[in-house]
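> Pasting input03.cif here (mmCIF, C-alpha atoms, pLDDT in the B column; chains and numbers go by the auth columns):
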data_target
#
loop_
_atom_site.group_PDB
_atom_site.id
_atom_site.type_symbol
_atom_site.label_atom_id
_atom_site.label_comp_id
_atom_site.label_asym_id
_atom_site.label_seq_id
_atom_site.Cartn_x
_atom_site.Cartn_y
_atom_site.Cartn_z
_atom_site.B_iso_or_equiv
_atom_site.auth_seq_id
_atom_site.auth_asym_id
ATOM 1 C CA MET A 1 -58.854 148.538 -101.586 56.00 298 A
ATOM 2 C CA LYS A 2 -55.406 147.252 -100.623 54.00 299 A
ATOM 3 C CA TYR A 3 -54.025 150.815 -100.908 49.00 300 A
ATOM 4 C CA LEU A 4 -56.784 152.134 -98.637 46.00 301 A
ATOM 5 C CA ILE A 5 -56.045 149.522 -95.950 47.00 302 A
ATOM 6 C CA ILE A 6 -52.314 150.228 -96.045 46.00 303 A
ATOM 7 C CA THR A 7 -52.865 153.999 -95.948 43.00 304 A
ATOM 8 C CA THR A 8 -55.273 153.685 -93.008 41.00 305 A
ATOM 9 C CA PHE A 9 -52.861 151.423 -91.118 41.00 306 A
ATOM 10 C CA MET A 10 -49.962 153.846 -91.652 45.00 307 A
ATOM 11 C CA ALA A 11 -52.080 156.815 -90.521 42.00 308 A
ATOM 12 C CA VAL A 12 -53.059 155.006 -87.304 40.00 309 A
ATOM 13 C CA MET A 13 -49.440 153.997 -86.597 44.00 310 A
ATOM 14 C CA TYR A 14 -48.232 157.545 -87.239 44.00 311 A
ATOM 15 C CA SER A 15 -50.902 158.961 -84.938 41.00 312 A
ATOM 16 C CA CYS A 16 -49.979 156.580 -82.111 43.00 313 A
ATOM 17 C CA THR A 17 -46.271 157.343 -82.500 44.00 314 A
ATOM 18 C CA ALA A 18 -46.866 161.097 -82.565 43.00 315 A
ATOM 19 C CA GLN A 19 -49.050 160.967 -79.449 39.00 316 A
ATOM 20 C CA GLU A 20 -46.487 158.909 -77.524 45.00 317 A
ATOM 21 C CA GLN A 21 -43.564 161.143 -78.512 45.00 318 A
ATOM 22 C CA ASN A 22 -45.456 164.344 -77.732 43.00 319 A
ATOM 23 C CA LYS A 23 -46.443 162.851 -74.360 39.00 320 A
ATOM 24 C CA ASN A 24 -42.756 162.205 -73.586 47.00 321 A
ATOM 25 C CA SER A 25 -41.705 165.774 -74.437 45.00 322 A
ATOM 26 C CA ALA A 26 -44.626 167.314 -72.520 45.00 323 A
ATOM 27 C CA GLU A 27 -43.588 165.604 -69.259 53.00 324 A
ATOM 28 C CA VAL A 28 -40.182 167.314 -69.038 54.00 325 A
ATOM 29 C CA LYS A 29 -39.724 171.054 -68.520 70.00 326 A
ATOM 30 C CA ILE A 30 -36.629 172.728 -69.959 81.00 327 A
ATOM 31 C CA LYS A 31 -34.623 174.107 -67.024 85.00 328 A
ATOM 32 C CA ILE A 32 -32.424 176.753 -68.684 88.00 329 A
ATOM 33 C CA GLU A 33 -34.165 179.450 -70.661 86.00 330 A
ATOM 34 C CA LYS A 34 -32.208 182.205 -72.399 92.00 331 A
ATOM 35 C CA SER A 35 -33.093 184.756 -75.032 93.00 332 A
ATOM 36 C CA GLU A 36 -31.827 184.167 -78.559 93.00 333 A
ATOM 37 C CA ALA A 37 -29.386 187.066 -78.040 96.00 334 A
ATOM 38 C CA GLU A 38 -27.994 185.338 -74.932 96.00 335 A
ATOM 39 C CA TRP A 39 -27.602 182.058 -76.828 96.00 336 A
ATOM 40 C CA LYS A 40 -25.883 183.829 -79.737 96.00 337 A
ATOM 41 C CA SER A 41 -23.342 185.410 -77.389 96.00 338 A
ATOM 42 C CA ALA A 42 -22.702 182.143 -75.513 96.00 339 A
ATOM 43 C CA LEU A 43 -22.271 179.837 -78.544 97.00 340 A
ATOM 44 C CA THR A 44 -20.123 179.846 -81.656 97.00 341 A
ATOM 45 C CA PRO A 45 -22.068 180.476 -84.898 97.00 342 A
ATOM 46 C CA GLU A 46 -21.809 176.759 -85.747 97.00 343 A
ATOM 47 C CA GLN A 47 -23.045 175.696 -82.311 98.00 344 A
ATOM 48 C CA TYR A 48 -25.909 178.175 -82.518 98.00 345 A
ATOM 49 C CA TYR A 49 -26.920 176.811 -85.932 98.00 346 A
ATOM 50 C CA VAL A 50 -27.111 173.227 -84.644 98.00 347 A
ATOM 51 C CA LEU A 51 -28.248 173.678 -81.036 98.00 348 A
ATOM 52 C CA ARG A 52 -30.764 176.517 -81.492 97.00 349 A
ATOM 53 C CA GLU A 53 -31.759 176.364 -85.177 97.00 350 A
ATOM 54 C CA LYS A 54 -31.852 172.533 -85.407 97.00 351 A
ATOM 55 C CA GLY A 55 -29.124 172.391 -88.008 97.00 352 A
ATOM 56 C CA THR A 56 -26.912 169.432 -88.853 96.00 353 A
ATOM 57 C CA GLU A 57 -23.166 169.355 -89.289 97.00 354 A
ATOM 58 C CA ARG A 58 -21.805 167.639 -92.382 97.00 355 A
ATOM 59 C CA PRO A 59 -21.145 163.902 -91.883 97.00 356 A
ATOM 60 C CA HIS A 60 -17.596 162.765 -91.063 97.00 357 A
ATOM 61 C CA THR A 61 -16.528 166.310 -90.092 96.00 358 A
ATOM 62 C CA GLY A 62 -17.267 166.378 -86.360 97.00 359 A
ATOM 63 C CA GLU A 63 -14.646 166.156 -83.649 97.00 360 A
ATOM 64 C CA TYR A 64 -16.282 163.188 -81.888 98.00 361 A
ATOM 65 C CA ASP A 65 -17.266 161.020 -84.876 97.00 362 A
ATOM 66 C CA LEU A 66 -14.287 158.650 -84.603 95.00 363 A
ATOM 67 C CA PHE A 67 -13.305 159.608 -81.046 97.00 364 A
ATOM 68 C CA PHE A 68 -13.256 156.828 -78.432 96.00 365 A
ATOM 69 C CA GLU A 69 -11.732 158.008 -75.154 97.00 366 A
ATOM 70 C CA ASP A 70 -13.192 157.212 -71.725 97.00 367 A
ATOM 71 C CA GLY A 71 -15.309 159.934 -70.181 98.00 368 A
ATOM 72 C CA ILE A 72 -18.607 161.790 -70.308 98.00 369 A
ATOM 73 C CA TYR A 73 -20.151 163.654 -73.238 98.00 370 A
ATOM 74 C CA HIS A 74 -22.079 166.729 -72.192 98.00 371 A
ATOM 75 C CA CYS A 75 -24.221 169.381 -73.852 98.00 372 A
ATOM 76 C CA ALA A 76 -22.157 172.136 -75.465 98.00 373 A
ATOM 77 C CA GLY A 77 -24.915 174.611 -74.611 97.00 374 A
ATOM 78 C CA CYS A 78 -25.214 174.021 -70.867 97.00 375 A
ATOM 79 C CA GLU A 79 -22.718 171.276 -69.903 97.00 376 A
ATOM 80 C CA ALA A 80 -25.424 168.850 -68.723 97.00 377 A
ATOM 81 C CA PRO A 81 -24.180 165.223 -68.896 98.00 378 A
ATOM 82 C CA LEU A 82 -25.763 163.344 -71.823 98.00 379 A
ATOM 83 C CA PHE A 83 -23.836 160.166 -72.720 98.00 380 A
ATOM 84 C CA GLU A 84 -21.132 157.950 -71.238 98.00 381 A
ATOM 85 C CA SER A 85 -18.275 156.793 -73.450 98.00 382 A
ATOM 86 C CA ASP A 86 -19.135 153.126 -72.904 97.00 383 A
ATOM 87 C CA SER A 87 -22.442 153.681 -74.735 98.00 384 A
ATOM 88 C CA LYS A 88 -20.660 155.030 -77.850 98.00 385 A
ATOM 89 C CA PHE A 89 -20.132 152.929 -80.962 97.00 386 A
ATOM 90 C CA ASP A 90 -19.064 153.459 -84.562 96.00 387 A
ATOM 91 C CA ALA A 91 -22.227 153.339 -86.667 96.00 388 A
ATOM 92 C CA HIS A 92 -20.311 154.368 -89.817 95.00 389 A
ATOM 93 C CA CYS A 93 -22.903 157.102 -90.368 96.00 390 A
ATOM 94 C CA GLY A 94 -20.626 160.125 -90.001 97.00 391 A
ATOM 95 C CA TRP A 95 -21.847 161.308 -86.602 98.00 392 A
ATOM 96 C CA PRO A 96 -21.159 160.149 -83.036 98.00 393 A
ATOM 97 C CA SER A 97 -23.556 157.339 -82.127 98.00 394 A
ATOM 98 C CA PHE A 98 -24.651 156.105 -78.715 98.00 395 A
ATOM 99 C CA ASP A 99 -26.976 153.299 -77.671 98.00 396 A
ATOM 100 C CA GLN A 100 -28.367 154.990 -74.556 98.00 397 A
ATOM 101 C CA ALA A 101 -28.482 158.318 -72.758 98.00 398 A
ATOM 102 C CA ILE A 102 -26.732 158.792 -69.422 98.00 399 A
ATOM 103 C CA SER A 103 -30.164 158.899 -67.719 97.00 400 A
ATOM 104 C CA ASP A 104 -33.826 158.765 -68.650 93.00 401 A
ATOM 105 C CA SER A 105 -34.201 162.443 -67.780 95.00 402 A
ATOM 106 C CA SER A 106 -31.200 163.868 -69.690 97.00 403 A
ATOM 107 C CA ILE A 107 -32.771 163.861 -73.164 97.00 404 A
ATOM 108 C CA ILE A 108 -36.210 164.750 -74.476 97.00 405 A
ATOM 109 C CA GLU A 109 -37.570 163.045 -77.580 97.00 406 A
ATOM 110 C CA ARG A 110 -39.783 165.026 -79.964 97.00 407 A
ATOM 111 C CA LEU A 111 -41.591 164.177 -83.158 97.00 408 A
ATOM 112 C CA ASP A 112 -39.770 165.699 -86.166 96.00 409 A
ATOM 113 C CA LYS A 113 -41.662 165.867 -89.472 96.00 410 A
ATOM 114 C CA SER A 114 -39.173 168.146 -91.246 93.00 411 A
ATOM 115 C CA HIS A 115 -37.588 167.430 -94.624 91.00 412 A
ATOM 116 C CA GLY A 116 -40.410 165.095 -95.672 94.00 413 A
ATOM 117 C CA MET A 117 -39.466 162.476 -93.058 94.00 414 A
ATOM 118 C CA ILE A 118 -40.850 161.259 -89.760 96.00 415 A
ATOM 119 C CA ARG A 119 -38.062 161.019 -87.204 97.00 416 A
ATOM 120 C CA THR A 120 -37.496 161.408 -83.485 98.00 417 A
ATOM 121 C CA GLU A 121 -35.492 164.503 -82.594 98.00 418 A
ATOM 122 C CA ILE A 122 -33.452 164.492 -79.386 98.00 419 A
ATOM 123 C CA VAL A 123 -32.864 167.650 -77.358 98.00 420 A
ATOM 124 C CA CYS A 124 -31.031 168.370 -74.129 98.00 421 A
ATOM 125 C CA ALA A 125 -33.567 168.246 -71.282 97.00 422 A
ATOM 126 C CA ASN A 126 -31.650 170.962 -69.453 96.00 423 A
ATOM 127 C CA CYS A 127 -31.474 173.694 -72.127 96.00 424 A
ATOM 128 C CA GLY A 128 -33.535 172.388 -75.056 96.00 425 A
ATOM 129 C CA GLY A 129 -30.561 172.360 -77.422 97.00 426 A
ATOM 130 C CA HIS A 130 -30.971 170.224 -80.549 98.00 427 A
ATOM 131 C CA LEU A 131 -28.605 167.247 -80.419 98.00 428 A
ATOM 132 C CA GLY A 132 -29.662 165.089 -83.350 98.00 429 A
ATOM 133 C CA HIS A 133 -32.060 162.159 -83.751 98.00 430 A
ATOM 134 C CA VAL A 134 -32.614 158.702 -82.295 98.00 431 A
ATOM 135 C CA PHE A 135 -33.322 155.687 -84.504 97.00 432 A
ATOM 136 C CA ASN A 136 -34.364 152.145 -83.669 97.00 433 A
ATOM 137 C CA ASP A 137 -31.704 150.520 -85.848 96.00 434 A
ATOM 138 C CA GLY A 138 -28.887 150.272 -83.324 95.00 435 A
ATOM 139 C CA PRO A 139 -26.717 147.125 -83.287 95.00 436 A
ATOM 140 C CA THR A 140 -26.568 146.730 -79.487 95.00 437 A
ATOM 141 C CA ASN A 141 -29.086 145.181 -77.113 95.00 438 A
ATOM 142 C CA THR A 142 -30.917 148.521 -76.672 97.00 439 A
ATOM 143 C CA GLY A 143 -31.700 148.580 -80.406 97.00 440 A
ATOM 144 C CA LEU A 144 -31.193 152.359 -80.357 98.00 441 A
ATOM 145 C CA ARG A 145 -28.833 154.664 -82.208 98.00 442 A
ATOM 146 C CA TYR A 146 -28.634 158.191 -80.855 98.00 443 A
ATOM 147 C CA CYS A 147 -27.111 160.002 -83.828 98.00 444 A
ATOM 148 C CA VAL A 148 -25.637 163.209 -82.408 98.00 445 A
ATOM 149 C CA ASN A 149 -23.946 166.262 -83.915 98.00 446 A
ATOM 150 C CA SER A 150 -20.386 166.554 -82.548 98.00 447 A
ATOM 151 C CA ILE A 151 -20.724 170.318 -82.301 98.00 448 A
ATOM 152 C CA SER A 152 -23.594 169.928 -79.830 98.00 449 A
ATOM 153 C CA LEU A 153 -21.295 167.998 -77.480 98.00 450 A
ATOM 154 C CA GLY A 154 -18.420 168.645 -75.137 98.00 451 A
ATOM 155 C CA PHE A 155 -16.269 165.931 -73.593 98.00 452 A
ATOM 156 C CA GLU A 156 -14.714 165.408 -70.175 97.00 453 A
ATOM 157 C CA LYS A 157 -12.026 162.724 -69.977 95.00 454 A
ATOM 158 C CA GLU A 158 -12.258 160.100 -67.256 86.00 455 A
ATOM 159 C CA ASP A 159 -8.909 161.304 -65.840 77.00 456 A
ATOM 160 C CA GLU A 160 -10.193 164.885 -65.526 63.00 457 A
ATOM 161 C CA LYS A 161 -13.242 163.698 -63.582 55.00 458 A
ATOM 162 C CA ARG A 162 -11.016 161.844 -61.068 51.00 459 A
ATOM 163 C CA ASP A 163 -8.689 164.869 -60.663 55.00 460 A
ATOM 164 C CA GLU A 164 -11.605 167.099 -59.629 57.00 461 A
ATOM 165 C CA LYS A 165 -12.709 164.784 -56.788 51.00 462 A
#
Is it possible to express this structure as structure tokens?


Amino acid sequence: MKYLIITTFMAVMYSCTAQEQNKNSAEVKIKIEKSEAEWKSALTPEQYYVLREKGTERPHTGEYDLFFEDGIYHCAGCEAPLFESDSKFDAHCGWPSFDQAISDSSIIERLDKSHGMIRTEIVCANCGGHLGHVFNDGPTNTGLRYCVNSISLGFEKEDEKRDEK
């Protein structure tokens, strides 16, 4: 009986989570649409694997894992701004981690049931590129940890932004 109650509770919680996450992703329309051939010609093979095929780079190998300069992180697929450097922290997980997106409309959250897990995938709201996942175990006041593949990001230093103005 105890097993039945726990199983029922977990099924209800999963259903509510899935409905909420699918609602979030349904509200935002991807702005940039390209054919797979266009994406393959615009991205490196590694970028294509992560951004378009939802791959993951190996931990502790990405350019931005232990990188802490001031500036803006943007999508490597379309250059849309995603994260500010002041939201980045070292989560010791092997991938760049942020506690919030640059805006509520820059990232779409989607339910991810791959690999026998239930997670929340994050994609660029501009081009739909896979960035990584968001978890609710962050150490800051947001409680979030956006765990992002370095290869899905580009970076613009604070100095470069000022020079362009």

> Separation of atom CA of Phe432 of chain A and atom CA of Ala398 of chain A, in Å?

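Computing the Euclidean distance for atom CA of Phe432 of chain A and atom CA of Ala398 of chain A yields 13.0 Å.
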
> Selected by the PyMOL selection byres ((chain A and resi 340-347) around 9) in the shown coordinates: which residues, as a PyMOL selection string?

chain A and resi 335-339+348-354+373-374+426-429+446+448-449

> Output C-alpha atoms for every residue in that selection, as a short mmCIF file (atom, residue, chain, number, x, y, z; two decimals), keeping the file's coordinate frame.


data_model
loop_
_atom_site.label_atom_id
_atom_site.label_comp_id
_atom_site.auth_asym_id
_atom_site.auth_seq_id
_atom_site.Cartn_x
_atom_site.Cartn_y
_atom_site.Cartn_z
CA GLU A 335 -27.99 185.34 -74.93
CA TRP A 336 -27.60 182.06 -76.83
CA LYS A 337 -25.88 183.83 -79.74
CA SER A 338 -23.34 185.41 -77.39
CA ALA A 339 -22.70 182.14 -75.51
CA LEU A 348 -28.25 173.68 -81.04
CA ARG A 349 -30.76 176.52 -81.49
CA GLU A 350 -31.76 176.36 -85.18
CA LYS A 351 -31.85 172.53 -85.41
CA GLY A 352 -29.12 172.39 -88.01
CA THR A 353 -26.91 169.43 -88.85
CA GLU A 354 -23.17 169.36 -89.29
CA ALA A 373 -22.16 172.14 -75.46
CA GLY A 374 -24.92 174.61 -74.61
CA GLY A 426 -30.56 172.36 -77.42
CA HIS A 427 -30.97 170.22 -80.55
CA LEU A 428 -28.60 167.25 -80.42
CA GLY A 429 -29.66 165.09 -83.35
CA ASN A 446 -23.95 166.26 -83.92
CA ILE A 448 -20.72 170.32 -82.30
CA SER A 449 -23.59 169.93 -79.83
#

> Distance atom CA of Val445 of chain A-atom CA of Arg407 of chain A, one decimal place?

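These two atoms are separated by 14.5 Å.
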
> Go through A:Ile329, A:Asp362, A:His430, A:Ile404 and flag the residue nearest Phe380 of chain A, using only C-alpha atoms for the distances.

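With only C-alpha atoms as the atom set, the closest residue is A:Ile404.
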
> Tell me, in Å to one decimal, how far atom CA of Pro436 of chain A is from atom CA of Ala377 of chain A.

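Atom CA of Pro436 of chain A sits 26.2 Å away from atom CA of Ala377 of chain A.
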
> Report as a ChimeraX atom specification the full result of the PyMOL selection byres ((chain A and resi 433) around 10) when it is applied to this structure.

/A:396,417,431-432,434-436,439-443

> Kindly extract all protein, DNA and RNA residues lying within 9 Å of the coordinates (-18.8, 162.7, -85.6) given in the file, considering only C-alpha atoms, and supply them as a list in words.

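Those within range, by chain then number, are Glu354, Arg355, Pro356, His357, Thr358, Gly359, Glu360, Tyr361, Asp362, Leu363, Phe364, Cys390, Gly391, Trp392, Pro393, Ser394, Cys444, Val445, Asn446, Ser447 and Ile448 of chain A.
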
> Nearest to Lys331 of chain A: which of A:Ile369, A:Asp401, A:Gly425, A:Ile415 is it, counting all atoms listed in the file?

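For Lys331 of chain A, the nearest of the given residues is A:Gly425.
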
> Let me make sure I understand: among A:Ser403, A:Glu453, A:Glu333, A:Asp367, which one has the smallest atom-to-atom distance to Asn423 of chain A if we use only C-alpha atoms?

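Of A:Ser403, A:Glu453, A:Glu333, A:Asp367, the one nearest Asn423 of chain A is A:Ser403, counting only C-alpha atoms.
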
> Neighbouring residues of Cys372 of chain A were defined as those with any atom within 8 Å, considering all atoms listed in the file; residues of the same chain fewer than 6 positions away were excluded. Please report them as a list in words.

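Near Cys372 of chain A, the qualifying residues are Pro378, Leu379, Cys421, Gly426, Ser449, Leu450 and Gly451 of chain A.
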
> Check the smallest atom-to-atom distance from each of A:Ile399, A:Lys326, A:Thr437, A:Met414 to His371 of chain A using all atoms listed in the file, then report the winner.

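Of all the options, A:Ile399 lies closest to His371 of chain A.
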
> Have a look at A:Glu418, A:Asn438, A:Lys328, A:Phe365 and name the one nearest to Ser402 of chain A; count only C-alpha atoms.

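Of A:Glu418, A:Asn438, A:Lys328, A:Phe365, the one nearest Ser402 of chain A is A:Lys328, counting only C-alpha atoms.
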
> Using the structure block above, produce a file of segment 364-376 of chain A that contains C-alpha atoms, as a tab-separated table (two decimals), in the first residue's frame.


chain	number	residue	atom	x	y	z
A	364	PHE	CA	36.53	31.49	-17.13
A	365	PHE	CA	35.50	34.57	-15.13
A	366	GLU	CA	35.90	37.76	-17.16
A	367	ASP	CA	33.31	40.56	-17.25
A	368	GLY	CA	30.98	40.54	-20.22
A	369	ILE	CA	28.06	38.82	-21.90
A	370	TYR	CA	27.73	35.17	-22.90
A	371	HIS	CA	25.77	34.67	-26.09
A	372	CYS	CA	24.50	31.77	-28.17
A	373	ALA	CA	27.17	30.32	-30.46
A	374	GLY	CA	24.46	29.52	-33.01
A	375	CYS	CA	22.87	32.95	-33.40
A	376	GLU	CA	24.70	35.38	-31.06
